[in-house]
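Everything below belongs to entry-v3.cif, which stores mmCIF, C-alpha atoms.
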```cif
data_structure
loop_
_atom_site.label_atom_id
_atom_site.label_comp_id
_atom_site.auth_asym_id
_atom_site.auth_seq_id
_atom_site.Cartn_x
_atom_site.Cartn_y
_atom_site.Cartn_z
CA MET A 149 11.73 -56.07 61.67
CA THR A 150 14.21 -53.88 63.51
CA ALA A 151 14.56 -54.32 67.26
CA ARG A 152 14.12 -51.15 69.33
CA ALA A 153 15.75 -50.30 72.59
CA PRO A 154 13.29 -50.82 75.49
CA HIS A 155 13.61 -47.17 76.58
CA ALA A 156 12.70 -45.94 73.07
CA VAL A 157 9.54 -48.05 73.09
CA GLY A 158 8.72 -46.81 76.60
CA PHE A 159 9.16 -43.16 75.60
CA ALA A 160 6.98 -43.63 72.50
CA ALA A 161 4.28 -45.32 74.59
CA LEU A 162 4.42 -42.53 77.20
CA THR A 163 4.12 -39.89 74.47
CA LEU A 164 1.07 -41.67 73.04
CA LEU A 165 -0.53 -41.82 76.49
CA LEU A 166 0.07 -38.10 77.05
CA VAL A 167 -1.42 -37.25 73.66
CA ALA A 168 -4.45 -39.49 74.21
CA ALA A 169 -5.05 -37.89 77.60
CA GLY A 170 -4.84 -34.39 76.09
CA LEU A 171 -1.84 -33.52 78.25
CA PRO A 172 0.88 -31.20 76.96
CA ARG A 173 3.84 -32.87 75.29
CA ALA A 174 7.43 -31.77 75.87
CA ALA A 175 8.59 -28.58 74.13
CA ALA A 176 12.10 -28.11 72.70
CA GLU A 177 12.30 -24.74 74.49
CA PRO A 178 9.59 -24.05 77.06
CA LEU A 179 6.76 -21.78 76.01
CA SER A 180 6.98 -18.50 77.91
CA LEU A 181 4.42 -15.68 78.16
CA THR A 182 5.26 -12.10 79.22
CA ILE A 183 3.12 -9.03 79.84
CA PRO A 184 5.34 -5.92 79.90
CA ALA A 185 2.70 -3.81 81.71
CA PHE A 186 3.14 -5.68 85.01
CA ALA A 187 5.44 -8.19 86.67
CA GLN A 188 4.41 -11.80 87.20
CA GLY A 189 2.10 -12.06 90.23
CA GLN A 190 1.85 -8.28 90.66
CA PRO A 191 -1.10 -5.85 90.39
CA ILE A 192 -2.50 -5.14 86.94
CA PRO A 193 -2.38 -1.40 86.11
CA LEU A 194 -5.73 0.43 86.20
CA GLU A 195 -5.54 1.06 82.44
CA HIS A 196 -6.21 -2.66 81.89
CA THR A 197 -9.16 -2.91 84.32
CA CYS A 198 -12.79 -1.81 84.53
CA SER A 199 -11.63 0.99 86.85
CA GLY A 200 -9.59 2.40 83.95
CA ALA A 201 -9.70 2.17 80.15
CA ASN A 202 -10.46 -1.60 80.11
CA ARG A 203 -7.72 -1.93 77.49
CA SER A 204 -6.02 -5.29 76.89
CA PRO A 205 -2.33 -5.36 77.79
CA ALA A 206 0.35 -6.15 75.21
CA LEU A 207 1.43 -9.81 75.31
CA THR A 208 4.61 -11.42 74.01
CA TRP A 209 5.61 -15.05 73.97
CA SER A 210 8.55 -17.18 73.02
CA GLY A 211 9.58 -20.81 72.95
CA ASP A 212 10.53 -23.40 70.39
CA VAL A 213 7.55 -25.73 70.53
CA ALA A 214 7.95 -28.55 68.02
CA GLY A 215 4.89 -29.05 65.82
CA VAL A 216 3.03 -25.90 66.87
CA LYS A 217 0.47 -24.78 64.28
CA SER A 218 -1.50 -22.19 66.27
CA PHE A 219 -1.95 -20.55 69.65
CA THR A 220 -5.00 -20.00 71.84
CA LEU A 221 -5.29 -17.45 74.65
CA ILE A 222 -7.64 -17.77 77.62
CA VAL A 223 -7.79 -15.20 80.44
CA GLU A 224 -9.64 -16.21 83.61
CA ASP A 225 -10.35 -15.05 87.15
CA PRO A 226 -10.36 -18.22 89.30
CA ASP A 227 -11.34 -16.17 92.38
CA ALA A 228 -14.70 -14.91 91.09
CA PRO A 229 -17.54 -15.47 93.58
CA GLY A 230 -19.58 -17.59 91.14
CA GLY A 231 -16.64 -19.71 89.97
CA THR A 232 -14.03 -19.11 87.29
CA PHE A 233 -14.90 -16.04 85.20
CA VAL A 234 -13.64 -15.61 81.63
CA HIS A 235 -12.16 -12.23 80.62
CA TRP A 236 -10.78 -13.01 77.15
CA LEU A 237 -10.78 -15.76 74.54
CA ALA A 238 -8.66 -15.59 71.39
CA TRP A 239 -7.75 -18.50 69.10
CA ASP A 240 -6.33 -19.35 65.70
CA LEU A 241 -3.29 -17.13 66.33
CA GLY A 242 -0.81 -18.36 63.71
CA ALA A 243 2.22 -20.50 64.52
CA LYS A 244 4.58 -17.60 63.76
CA ALA A 245 2.70 -15.16 66.02
CA ARG A 246 4.74 -14.02 69.01
CA SER A 247 2.71 -11.09 70.32
CA LEU A 248 -0.56 -9.24 70.60
CA PRO A 249 -0.56 -5.44 70.89
CA ALA A 250 -2.18 -3.49 73.69
CA GLY A 251 -5.73 -2.38 73.05
CA VAL A 252 -6.97 -5.25 70.86
CA PRO A 253 -10.45 -4.14 69.72
CA GLY A 254 -13.47 -6.27 70.61
CA ASN A 255 -14.03 -7.46 67.03
CA ASP A 256 -14.86 -11.03 66.09
CA VAL A 257 -11.55 -11.23 64.16
CA ILE A 258 -8.38 -9.62 65.55
CA PRO A 259 -6.98 -7.16 62.97
CA GLY A 260 -3.51 -7.91 61.60
CA THR A 261 -3.43 -11.54 62.74
CA GLY A 262 -4.46 -13.32 59.58
CA GLY A 263 -7.79 -14.41 61.01
CA ALA A 264 -7.42 -14.97 64.75
CA ARG A 265 -10.86 -15.01 66.34
CA GLN A 266 -12.26 -13.80 69.65
CA GLY A 267 -14.97 -15.33 71.77
CA ARG A 268 -17.54 -14.12 74.26
CA ASN A 269 -16.20 -13.35 77.70
CA GLY A 270 -18.11 -13.72 80.96
CA PHE A 271 -19.66 -10.28 80.42
CA GLY A 272 -21.27 -11.60 77.21
CA LEU A 273 -19.09 -9.36 75.02
CA LEU A 274 -16.52 -10.08 72.35
CA GLY A 275 -12.85 -9.64 73.16
CA TYR A 276 -11.06 -8.46 76.28
CA ARG A 277 -12.74 -7.08 79.36
CA GLY A 278 -10.41 -6.35 82.21
CA PRO A 279 -10.44 -7.26 85.86
CA CYS A 280 -13.58 -6.07 87.64
CA PRO A 281 -14.08 -8.03 90.86
CA PRO A 282 -16.91 -7.05 93.20
CA LYS A 283 -15.94 -4.11 95.40
CA GLY A 284 -14.59 -5.25 98.75
CA HIS A 285 -14.20 -8.89 97.59
CA GLY A 286 -10.43 -8.85 98.08
CA VAL A 287 -7.58 -9.53 95.72
CA HIS A 288 -8.37 -11.62 92.65
CA ARG A 289 -5.89 -13.42 90.41
CA TYR A 290 -6.10 -13.08 86.61
CA VAL A 291 -4.47 -15.95 84.77
CA PHE A 292 -3.40 -15.39 81.15
CA LYS A 293 -3.02 -18.88 79.68
CA LEU A 294 -1.42 -19.42 76.27
CA LEU A 295 -1.81 -22.83 74.61
CA ALA A 296 0.43 -24.01 71.76
CA LEU A 297 -1.64 -26.33 69.57
CA ASP A 298 -0.88 -28.96 66.94
CA VAL A 299 -3.77 -27.78 64.70
CA ALA A 300 -3.82 -24.69 62.47
CA GLY A 301 -7.30 -23.73 63.63
CA LEU A 302 -9.99 -24.82 66.05
CA GLY A 303 -12.75 -24.69 63.43
CA LEU A 304 -14.89 -22.43 65.61
CA PRO A 305 -16.78 -19.32 64.55
CA PRO A 306 -16.16 -15.97 66.26
CA ALA A 307 -18.14 -15.44 69.47
CA SER A 308 -17.68 -19.06 70.57
CA SER A 309 -17.83 -19.80 74.29
CA HIS A 310 -15.11 -20.77 76.73
CA ASP A 311 -16.40 -24.35 76.83
CA GLN A 312 -16.39 -24.60 73.03
CA VAL A 313 -12.79 -23.31 72.85
CA GLU A 314 -11.55 -25.67 75.56
CA ASP A 315 -13.38 -28.64 74.00
CA ALA A 316 -11.92 -27.90 70.55
CA ALA A 317 -8.39 -27.53 71.98
CA ARG A 318 -8.56 -30.72 74.06
CA GLY A 319 -6.09 -33.32 72.80
CA HIS A 320 -4.18 -30.73 70.71
CA VAL A 321 -2.16 -28.95 73.43
CA LEU A 322 1.61 -29.19 72.89
CA ALA A 323 2.61 -26.68 75.58
CA THR A 324 1.08 -24.16 77.97
CA ALA A 325 2.42 -20.91 79.42
CA THR A 326 0.73 -18.83 82.11
CA TYR A 327 1.23 -15.34 83.46
CA THR A 328 -0.74 -14.07 86.45
CA GLY A 329 -1.64 -10.59 87.59
CA THR A 330 -3.79 -9.41 90.49
CA PHE A 331 -6.42 -6.74 91.03
CA GLU A 332 -8.62 -5.55 93.88
CA ARG A 333 -11.41 -2.97 93.91
CA GLY A 334 -11.80 -1.15 97.20
CA PRO A 335 -14.99 -0.96 99.24
#
```

Could you render the structure from this file as C-alpha coordinates?
Amino acid sequence: MTARAPHAVGFAALTLLLVAAGLPRAAAEPLSLTIPAFAQGQPIPLEHTCSGANRSPALTWSGDVAGVKSFTLIVEDPDAPGGTFVHWLAWDLGAKARSLPAGVPGNDVIPGTGGARQGRNGFGLLGYRGPCPPKGHGVHRYVFKLLALDVAGLGLPPASSHDQVEDAARGHVLATATYTGTFERGP
(Lines of atoms letter the chains of each structure in order from A and count residues from 1; the text may use other names and numbers.)
(Lines give C-alpha, C1' and ligand atoms only; values in the text may rest on other atoms or scores of the structure.)
Protein backbone atom coordinates (compact mmCIF):
# COMPACT_ATOMS: atom_id res chain seq x y z
CA MET A 1 0.00 0.00 0.00
CA THR A 2 1.31 3.43 -0.93
CA ALA A 3 1.45 6.09 1.77
CA ARG A 4 -0.32 9.35 0.93
CA ALA A 5 0.57 12.80 2.09
CA PRO A 6 -1.78 13.91 4.92
CA HIS A 7 -2.94 16.96 2.93
CA ALA A 8 -3.92 14.77 -0.05
CA VAL A 9 -6.05 12.57 2.19
CA GLY A 10 -7.59 15.67 3.78
CA PHE A 11 -8.46 17.19 0.39
CA ALA A 12 -10.01 13.92 -0.81
CA ALA A 13 -12.06 13.66 2.38
CA LEU A 14 -13.21 17.29 2.05
CA THR A 15 -14.22 16.70 -1.57
CA LEU A 16 -16.24 13.64 -0.55
CA LEU A 17 -17.98 15.64 2.18
CA LEU A 18 -18.86 18.42 -0.27
CA VAL A 19 -20.24 15.92 -2.77
CA ALA A 20 -22.26 14.08 -0.11
CA ALA A 21 -23.72 17.37 1.09
CA GLY A 22 -24.68 18.35 -2.47
CA LEU A 23 -22.44 21.41 -2.35
CA PRO A 24 -20.66 22.64 -5.48
CA ARG A 25 -17.15 21.33 -6.04
CA ALA A 26 -14.30 23.53 -7.25
CA ALA A 27 -14.26 24.45 -10.95
CA ALA A 28 -11.06 24.74 -13.01
CA GLU A 29 -12.29 28.11 -14.32
CA PRO A 30 -15.28 29.60 -12.52
CA LEU A 31 -18.64 29.27 -14.22
CA SER A 32 -19.83 32.68 -15.39
CA LEU A 33 -23.27 33.72 -16.68
CA THR A 34 -23.92 36.87 -18.75
CA ILE A 35 -27.09 38.47 -20.08
CA PRO A 36 -26.21 41.02 -22.78
CA ALA A 37 -29.60 42.79 -22.52
CA PHE A 38 -28.80 44.31 -19.11
CA ALA A 39 -25.89 44.80 -16.72
CA GLN A 40 -25.55 42.76 -13.55
CA GLY A 41 -27.88 44.17 -10.86
CA GLN A 42 -29.54 46.62 -13.24
CA PRO A 43 -33.15 46.93 -14.51
CA ILE A 44 -34.38 44.32 -16.97
CA PRO A 45 -35.58 45.93 -20.24
CA LEU A 46 -39.37 46.03 -20.74
CA GLU A 47 -39.08 43.63 -23.71
CA HIS A 48 -38.27 40.84 -21.24
CA THR A 49 -41.13 41.60 -18.80
CA CYS A 50 -44.91 41.28 -18.64
CA SER A 51 -45.09 45.01 -19.40
CA GLY A 52 -43.46 44.30 -22.78
CA ALA A 53 -43.12 41.28 -25.07
CA ASN A 54 -42.43 38.81 -22.22
CA ARG A 55 -39.53 37.50 -24.31
CA SER A 56 -36.66 35.61 -22.66
CA PRO A 57 -33.31 37.39 -22.85
CA ALA A 58 -30.30 35.83 -24.57
CA LEU A 59 -27.95 34.10 -22.11
CA THR A 60 -24.29 33.17 -22.51
CA TRP A 61 -22.02 31.32 -20.14
CA SER A 62 -18.42 30.27 -19.89
CA GLY A 63 -16.11 28.42 -17.56
CA ASP A 64 -14.04 25.28 -17.57
CA VAL A 65 -15.95 23.09 -15.14
CA ALA A 66 -14.29 19.69 -14.84
CA GLY A 67 -16.73 16.80 -15.24
CA VAL A 68 -19.72 18.85 -16.40
CA LYS A 69 -22.26 16.77 -18.33
CA SER A 70 -25.22 19.17 -18.45
CA PHE A 71 -26.56 22.52 -17.32
CA THR A 72 -29.79 23.53 -15.59
CA LEU A 73 -31.26 27.05 -15.52
CA ILE A 74 -33.59 28.35 -12.82
CA VAL A 75 -34.94 31.93 -12.79
CA GLU A 76 -36.56 33.14 -9.57
CA ASP A 77 -37.98 36.25 -7.92
CA PRO A 78 -37.01 36.00 -4.23
CA ASP A 79 -38.96 39.20 -3.47
CA ALA A 80 -42.41 37.93 -4.47
CA PRO A 81 -45.06 38.59 -1.79
CA GLY A 82 -45.94 34.89 -1.41
CA GLY A 83 -42.32 33.69 -1.31
CA THR A 84 -39.89 32.83 -4.08
CA PHE A 85 -41.64 32.80 -7.47
CA VAL A 86 -40.30 30.77 -10.40
CA HIS A 87 -40.10 32.44 -13.83
CA TRP A 88 -38.21 29.82 -15.86
CA LEU A 89 -36.95 26.25 -15.58
CA ALA A 90 -34.76 24.64 -18.25
CA TRP A 91 -32.63 21.52 -17.86
CA ASP A 92 -30.68 18.91 -19.79
CA LEU A 93 -28.76 21.62 -21.66
CA GLY A 94 -25.77 19.70 -23.05
CA ALA A 95 -22.25 19.99 -21.65
CA LYS A 96 -21.08 21.86 -24.77
CA ALA A 97 -23.93 24.40 -24.62
CA ARG A 98 -22.75 27.93 -23.94
CA SER A 99 -25.83 30.00 -24.74
CA LEU A 100 -29.56 30.28 -25.16
CA PRO A 101 -31.00 32.72 -27.72
CA ALA A 102 -33.48 35.46 -26.92
CA GLY A 103 -37.11 34.53 -27.34
CA VAL A 104 -36.99 30.82 -26.43
CA PRO A 105 -40.52 29.54 -27.20
CA GLY A 106 -42.60 28.02 -24.40
CA ASN A 107 -42.34 24.48 -25.77
CA ASP A 108 -41.69 21.42 -23.62
CA VAL A 109 -38.38 20.88 -25.48
CA ILE A 110 -36.18 23.85 -26.45
CA PRO A 111 -35.56 23.79 -30.23
CA GLY A 112 -31.95 23.40 -31.35
CA THR A 113 -30.63 22.16 -28.02
CA GLY A 114 -30.64 18.42 -28.57
CA GLY A 115 -33.44 17.82 -26.10
CA ALA A 116 -33.24 20.42 -23.33
CA ARG A 117 -36.55 20.52 -21.48
CA GLN A 118 -38.59 23.27 -19.87
CA GLY A 119 -40.73 23.13 -16.77
CA ARG A 120 -43.77 24.90 -15.44
CA ASN A 121 -43.14 28.35 -14.03
CA GLY A 122 -45.07 29.98 -11.21
CA PHE A 123 -47.73 31.11 -13.69
CA GLY A 124 -48.43 27.43 -14.48
CA LEU A 125 -47.05 27.78 -18.02
CA LEU A 126 -44.15 26.15 -19.83
CA GLY A 127 -41.00 28.16 -20.44
CA TYR A 128 -40.08 31.74 -19.64
CA ARG A 129 -42.43 34.33 -18.25
CA GLY A 130 -40.81 37.62 -17.42
CA PRO A 131 -40.83 39.81 -14.36
CA CYS A 132 -44.34 40.87 -13.35
CA PRO A 133 -44.38 41.98 -9.72
CA PRO A 134 -47.57 43.43 -8.26
CA LYS A 135 -47.97 47.10 -9.15
CA GLY A 136 -46.61 49.36 -6.43
CA HIS A 137 -44.78 46.48 -4.66
CA GLY A 138 -41.37 48.04 -5.21
CA VAL A 139 -38.26 46.76 -6.91
CA HIS A 140 -37.93 42.99 -7.24
CA ARG A 141 -34.76 41.03 -7.96
CA TYR A 142 -34.74 38.32 -10.65
CA VAL A 143 -31.99 35.76 -10.16
CA PHE A 144 -30.88 33.71 -13.17
CA LYS A 145 -29.10 30.68 -11.70
CA LEU A 146 -27.10 28.30 -13.91
CA LEU A 147 -26.05 24.95 -12.46
CA ALA A 148 -23.27 22.81 -13.97
CA LEU A 149 -24.12 19.17 -13.27
CA ASP A 150 -22.20 15.90 -13.27
CA VAL A 151 -25.10 14.02 -14.94
CA ALA A 152 -26.09 14.14 -18.62
CA GLY A 153 -29.77 14.49 -17.77
CA LEU A 154 -32.08 14.84 -14.80
CA GLY A 155 -34.42 12.09 -16.00
CA LEU A 156 -37.44 14.38 -15.70
CA PRO A 157 -40.25 14.82 -18.22
CA PRO A 158 -41.08 18.25 -19.65
CA ALA A 159 -43.40 20.36 -17.49
CA SER A 160 -41.74 19.20 -14.26
CA SER A 161 -41.94 21.51 -11.26
CA HIS A 162 -39.29 23.62 -9.57
CA ASP A 163 -39.16 21.20 -6.63
CA GLN A 164 -38.71 18.21 -8.95
CA VAL A 165 -35.85 19.94 -10.80
CA GLU A 166 -34.08 20.98 -7.60
CA ASP A 167 -34.52 17.50 -6.07
CA ALA A 168 -33.12 15.81 -9.19
CA ALA A 169 -30.13 18.19 -9.32
CA ARG A 170 -29.30 17.83 -5.61
CA GLY A 171 -25.94 16.13 -5.12
CA HIS A 172 -24.94 16.67 -8.78
CA VAL A 173 -23.98 20.38 -8.74
CA LEU A 174 -20.37 20.99 -9.76
CA ALA A 175 -20.61 24.79 -10.03
CA THR A 176 -23.19 27.58 -9.94
CA ALA A 177 -23.29 30.99 -11.63
CA THR A 178 -25.88 33.69 -10.99
CA TYR A 179 -26.83 36.90 -12.74
CA THR A 180 -29.39 39.27 -11.25
CA GLY A 181 -31.63 41.89 -12.80
CA THR A 182 -34.32 44.08 -11.28
CA PHE A 183 -37.79 45.24 -12.26
CA GLU A 184 -40.53 47.39 -10.75
CA ARG A 185 -44.07 48.06 -11.96
CA GLY A 186 -45.41 51.47 -11.03
CA PRO A 187 -48.62 52.12 -9.12

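Across the model, the gap from atom CA of A:Asn202 to atom CA of A:Ser309 is 20.5 Å.
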
Given the file shown, determine the residues that the PyMOL selection byres ((chain A and resi 266) around 12) selects; report them as an MDAnalysis selection string. chainID A and resid 220:223 235:241 252:259 261 263:265 267:269 272:277 302 304:310 313

Using all atoms listed in the file, which residues of stretch 214-267 of chain A come within 8 Å of stretch 286-300 of chain A, and what is the closest atom pair for each, with the distance in Å to one decimal? Give it as a tab-separated table, sorted by chain and residue number.
```
residue	atom	partner	partner_atom	distance
A:Gly215	CA	A:Asp298	CA	5.9
A:Val216	CA	A:Asp298	CA	5.0
A:Lys217	CA	A:Ala300	CA	4.7
A:Ser218	CA	A:Ala300	CA	5.1
A:Phe219	CA	A:Ala296	CA	4.7
A:Thr220	CA	A:Leu295	CA	5.1
A:Leu221	CA	A:Leu294	CA	4.6
A:Ile222	CA	A:Lys293	CA	5.2
A:Val223	CA	A:Phe292	CA	4.5
A:Glu224	CA	A:Val291	CA	5.3
A:Asp225	CA	A:Tyr290	CA	4.7
A:Pro226	CA	A:Arg289	CA	6.7
A:Asp227	CA	A:His288	CA	5.4
A:Ala228	CA	A:His288	CA	7.3
A:Asp240	CA	A:Ala300	CA	6.7
A:Gly242	CA	A:Ala300	CA	7.1
A:Ala243	CA	A:Ala300	CA	7.6
```

For A:Gly211, the nearest of the candidates A:Thr197, A:Gln312, A:Thr324, A:Thr232, counting only C-alpha atoms: A:Thr324

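One finds atom CA of A:Pro281 at 18.5 Å from atom CA of A:Tyr327.
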
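The gap separating atom CA of A:Ile192 from atom CA of A:Asp311 is 25.8 Å, in Å to one decimal.
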
Fewer than 6 positions away in the same chain doesn't count, so skip those; otherwise give me all residues within 6 Å of A:Ala206, counting all atoms listed in the file, as a list in words. Leu248, Pro249 and Ala250 of chain A

Under the rule that only C-alpha atoms are counted, which of A:Gly251, A:His285, A:Thr326, A:Pro205 is the nearest residue to A:Leu181? A:Thr326

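With only C-alpha atoms as the atoms that count, the residue of A:Gly200, A:Gly260, A:Ser210, A:Gly303 with the shortest distance to A:Thr182 is A:Ser210.
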
Applying 12 Å and only C-alpha atoms, which residues near A:Ser199 remain after dropping the ones on its own chain fewer than 3 positions away? List them as a ChimeraX atom specification. /A:192-196,202-203,277-283,331-334

Expected residue set, 7 Å radius at (4.1, -8.0, 76.5), all atoms listed in the file, as a PDB file with C-alpha atoms, in the frame of the given file:
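Output below, filename selection-v7.pdb:
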```
ATOM      1  CA  THR A 182       5.260 -12.100  79.220  1.00  0.00           C
ATOM      2  CA  ILE A 183       3.120  -9.030  79.840  1.00  0.00           C
ATOM      3  CA  PRO A 184       5.340  -5.920  79.900  1.00  0.00           C
ATOM      4  CA  ALA A 185       2.700  -3.810  81.710  1.00  0.00           C
ATOM      5  CA  ALA A 206       0.350  -6.150  75.210  1.00  0.00           C
ATOM      6  CA  LEU A 207       1.430  -9.810  75.310  1.00  0.00           C
ATOM      7  CA  THR A 208       4.610 -11.420  74.010  1.00  0.00           C
TER       8      THR A 208
END
```

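Each of A:Ser180, A:Ser204, A:Gln188, A:Ser247 was compared to A:Thr328 using only C-alpha atoms, and A:Gln188 turns out to be the nearest.
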
Compare A:Cys198, A:Thr330, A:Val234, A:Gln190 by their minimum atom-to-atom distance to A:Gly270, counting only C-alpha atoms, and give me the closest one. A:Val234

Assuming 8 Å of padding per side, give the centre and edge lengths of the axis-aligned box around every listed atom of stretch 282-289 of chain A, in Å to one decimal and as AutoDock Vina command-line options.
```
--center_x -11.4 --center_y -8.8 --center_z 94.6 --size_x 27.0 --size_y 25.3 --size_z 24.3
```
